[in-house]
Amino acid sequence: MGFFIGDLYRHIEELHTKQFGNQQSTQEFRVYRGQGLAKVDLEQIMQTKGGLMSFHNFLSTSKVENVSLDFARRALSNPDRVGILFVMLIDSSKSSTPFASITDVSVYQDTEDEVLFSMNTVFRIGDVKQMDENSRLWQVDLTLTSDHDPELHILTERIREETFPDSEGWERLGLILIRLGHSGKAEEVYEMMLEQASNDREKAGIYHQIGSTKRDKGEYREAIANYEKSLEIRQQFLGPNHPSMTRSYNNIGLVYHSMGEYSKALTYHEKALEIRQKSLRPDDPVLASSYNNIGMVYENIGEYSQALSHYQKALEIRQKSLPPNHPELASSYNNIGNTYGGMGENSKELLYHEKALEIRQRTLPPDHPDLAFSYNNIGSAYAEMGEYTKALSSFEKAIEIRQKSLPPNHPDLALSYNSIGTVYELMGNYPEALSFYERAVNSGQRSLPSYHPHLQLYIKNLENMRKEMIKIFSFSGVTGGGAWGGSVPSLIS
């Protein structure tokens, strides 16, 4: 497959040179592509108007609008999808992106007038509008980016820096898969590497990465076991206070945090911070990660002033050292938003979560789990503000992403079920609330230890809902809305 992709790319380059290499003047033209998209993907395109959009495969387009429009209309047979007609403005004099007319070799040469673009071609999003009276048929205008586009240059340089240029081969592939949220695929790569490892130093790094894939999948005991294997080997070579040890301390702390063992989490994060403060510059982004992780622990034990202090230290470093659309800035905005939510300042909470969502929409794939966190937290803010319809919409976006991107027993699914149940309860729709609380408990019991605070909360919400339902059926003539009298349900950001 790799040979085929490389050969096709070279062939497109050769055709591009022949067709456009001697072009002296500007020559603009339009091509079209029709396809179906999930509704959440269309919403993301609409929200990132003016931003950049990339197609991750070879991109087949046509110079014939009606051919592409027909493909868009065919997508309407699926009620869960919308039809999209991409209208792409191309100026070959401003871009070196390889593309070429393949009419002479295409099997559809008589009808399509096909133009094929290389993988990862980047466009800027223009207008997004409905076509005719059909609410499920949309036109999206795109413009091929110029080689001198400043935002594209920043993005390209950041991608180069963050796709692990110091690593190579299978190791680099695994790291990129983790970054993209494909932890299951990354784990397969690392398990293969572990079988081929020839010494303990190699194994230490691989055990650490397997631990990261287990953590992302919610398999916390297995994550700690792998991190500790890595830690034990590294301590033999480096000693307990070497700067390289902080990755292990940090990630073990993250797992204990996810398990609800906050005192253990704080111990490991403070150990990592102590070493990093001695070995790193005060404005190093890695130091910001330590402040951020300590802030998360304080937030979860209800010490909001301590949490906010650590989060703001992390944000200050990141704003100085990272570009304005970096995902770690989104993490800082997200966590500050959660803290304001815990303090009851819901307008500030919503503001910071919307900042986080805007960055994540611009920088992450549409099914990335971090997007689900943003939607879930925005939903929580709306619920606390009494805007239940908006809350429910946000929670449903979150669970749609999680069901696509996470394994079925992941604890974040239980969190989504609880959130949706909470809104239905607040809206007085008790049967739906009961159904989602039951799902939250069932999912949480499969994915969390029995002592975890989140699972205990799900059980509490379910028990309270059952009591409310009993009240409803115990009093003749009393409706669901009139039977309210229980405790207020609880959300988790």
# chains A, B, ... in the order shown; residues from 1 in each chain; ligands from 1
call {"tool": "residues_around", "arguments": {"residues": "Gln27 of chain A", "least_positions_apart": "3", "cutoff": "8 Å", "atoms": "only C-alpha atoms", "output": "ChimeraX atom specification"}}
result
/A:91-93
call {"tool": "select_by_dssp", "arguments": {"residues": "segment 114-256 of chain A", "states": "helix (DSSP H, G or I)", "output": "count of residues only"}}
result
88
call {"tool": "closest_atom_pairs", "arguments": {"of": "segment 51-155 of chain A", "to": "segment 343-366 of chain A", "cutoff": "10 Å", "atoms": "only C-alpha atoms", "output": "Markdown table"}}
result
| residue | atom | partner | partner_atom | distance |
| --- | --- | --- | --- | --- |
| A:Gly51 | CA | A:Arg362 | CA | 7.0 |
| A:Leu52 | CA | A:Arg362 | CA | 7.4 |
| A:Met53 | CA | A:Arg362 | CA | 8.4 |
| A:Ser54 | CA | A:Pro365 | CA | 9.9 |
| A:Leu155 | CA | A:Thr363 | CA | 8.9 |
call {"tool": "atom_distance", "arguments": {"atom1": "atom CA of Glu316 of chain A", "atom2": "atom CA of Ser374 of chain A"}}
result
20.9 Å
call {"tool": "atom_distance", "arguments": {"atom1": "atom CA of Gly83 of chain A", "atom2": "atom CA of Pro407 of chain A"}}
result
28.7 Å
call {"tool": "atom_distance", "arguments": {"atom1": "atom CA of Thr103 of chain A", "atom2": "atom CA of Gly126 of chain A"}}
result
27.6 Å
call {"tool": "residues_around", "arguments": {"residues": "Leu462 of chain A", "least_positions_apart": "4", "cutoff": "7 Å", "atoms": "only C-alpha atoms", "output": "PyMOL selection string"}}
result
chain A and resi 434+437-438+458+466
call {"tool": "write_last_selection", "arguments": {"atoms": "C-alpha atoms", "output": "short mmCIF file (atom, residue, chain, number, x, y, z; two decimals), in the first residue's frame"}}
result
data_model
loop_
_atom_site.label_atom_id
_atom_site.label_comp_id
_atom_site.auth_asym_id
_atom_site.auth_seq_id
_atom_site.Cartn_x
_atom_site.Cartn_y
_atom_site.Cartn_z
CA LEU A 434 -34.16 7.17 34.43
CA TYR A 437 -29.02 7.19 34.62
CA GLU A 438 -29.30 3.41 34.29
CA TYR A 458 -24.17 8.06 39.05
CA ARG A 466 -36.19 5.96 41.19
#
call {"tool": "residues_around", "arguments": {"residues": "Lys203 of chain A", "least_positions_apart": "2", "cutoff": "12 Å", "atoms": "only C-alpha atoms", "output": "list in words"}}
result
Glu171, Tyr190, Glu191, Met192, Met193, Leu194, Glu195, Gln196, Ala197, Ser198, Asn199, Asp200, Arg201, Gly205, Ile206, Tyr207, His208, Gln209, Ile210, Asn226, Tyr227, Lys229, Ser230, Leu231, Glu232, Ile233 and Arg234 of chain A
call {"tool": "write_last_selection", "arguments": {"atoms": "N, CA and C atoms", "output": "CSV table (one decimal), in the first residue's frame"}}
result
chain,number,residue,atom,x,y,z
A,171,GLU,N,8.0,3.9,15.8
A,171,GLU,CA,7.8,4.7,17.0
A,171,GLU,C,7.1,6.0,16.7
A,190,TYR,N,2.8,-0.6,19.2
A,190,TYR,CA,3.7,-0.8,20.3
A,190,TYR,C,3.9,-2.2,20.7
A,191,GLU,N,2.8,-3.0,20.7
A,191,GLU,CA,2.9,-4.4,21.0
A,191,GLU,C,3.8,-5.1,20.0
A,192,MET,N,3.7,-4.8,18.8
A,192,MET,CA,4.6,-5.3,17.8
A,192,MET,C,6.1,-4.9,18.0
A,193,MET,N,6.3,-3.6,18.4
A,193,MET,CA,7.6,-3.2,18.7
A,193,MET,C,8.2,-3.9,19.9
A,194,LEU,N,7.3,-4.1,20.9
A,194,LEU,CA,7.8,-4.8,22.1
A,194,LEU,C,8.3,-6.2,21.8
A,195,GLU,N,7.7,-6.9,20.9
A,195,GLU,CA,8.1,-8.2,20.5
A,195,GLU,C,9.5,-8.2,19.9
A,196,GLN,N,9.8,-7.1,19.2
A,196,GLN,CA,11.0,-7.0,18.4
A,196,GLN,C,12.1,-6.2,19.2
A,197,ALA,N,11.8,-5.7,20.4
A,197,ALA,CA,12.8,-4.9,21.2
A,197,ALA,C,14.0,-5.8,21.6
A,198,SER,N,15.2,-5.3,21.5
A,198,SER,CA,16.4,-6.1,21.8
A,198,SER,C,17.1,-5.8,23.1
A,199,ASN,N,16.6,-4.7,23.8
A,199,ASN,CA,17.3,-4.4,25.1
A,199,ASN,C,16.3,-3.7,26.0
A,200,ASP,N,16.7,-3.5,27.3
A,200,ASP,CA,15.8,-3.0,28.3
A,200,ASP,C,15.5,-1.5,28.0
A,201,ARG,N,16.4,-0.8,27.5
A,201,ARG,CA,16.2,0.7,27.3
A,201,ARG,C,15.1,0.9,26.2
A,205,GLY,N,10.9,2.5,27.0
A,205,GLY,CA,10.1,3.5,26.2
A,205,GLY,C,8.8,2.9,25.6
A,206,ILE,N,8.8,1.7,25.2
A,206,ILE,CA,7.6,1.0,24.7
A,206,ILE,C,6.6,0.8,25.8
A,207,TYR,N,7.0,0.3,26.9
A,207,TYR,CA,6.1,0.1,28.0
A,207,TYR,C,5.4,1.4,28.4
A,208,HIS,N,6.2,2.5,28.4
A,208,HIS,CA,5.6,3.8,28.7
A,208,HIS,C,4.5,4.2,27.7
A,209,GLN,N,4.7,4.0,26.4
A,209,GLN,CA,3.7,4.3,25.4
A,209,GLN,C,2.5,3.4,25.4
A,210,ILE,N,2.7,2.1,25.7
A,210,ILE,CA,1.6,1.2,25.9
A,210,ILE,C,0.8,1.7,27.1
A,226,ASN,N,2.0,-0.8,33.1
A,226,ASN,CA,3.0,-0.6,32.1
A,226,ASN,C,3.9,0.6,32.4
A,227,TYR,N,3.3,1.7,33.0
A,227,TYR,CA,4.1,2.8,33.4
A,227,TYR,C,5.1,2.4,34.5
A,229,LYS,N,6.4,-0.6,34.9
A,229,LYS,CA,7.5,-1.4,34.3
A,229,LYS,C,8.5,-0.4,33.7
A,230,SER,N,8.0,0.6,33.0
A,230,SER,CA,8.9,1.6,32.4
A,230,SER,C,9.7,2.3,33.4
A,231,LEU,N,9.1,2.7,34.5
A,231,LEU,CA,9.7,3.4,35.6
A,231,LEU,C,10.8,2.6,36.2
A,232,GLU,N,10.5,1.3,36.5
A,232,GLU,CA,11.5,0.5,37.1
A,232,GLU,C,12.8,0.3,36.3
A,233,ILE,N,12.6,0.1,35.0
A,233,ILE,CA,13.8,0.0,34.1
A,233,ILE,C,14.6,1.3,34.1
A,234,ARG,N,13.9,2.4,33.9
A,234,ARG,CA,14.6,3.7,33.8
A,234,ARG,C,15.3,4.1,35.1
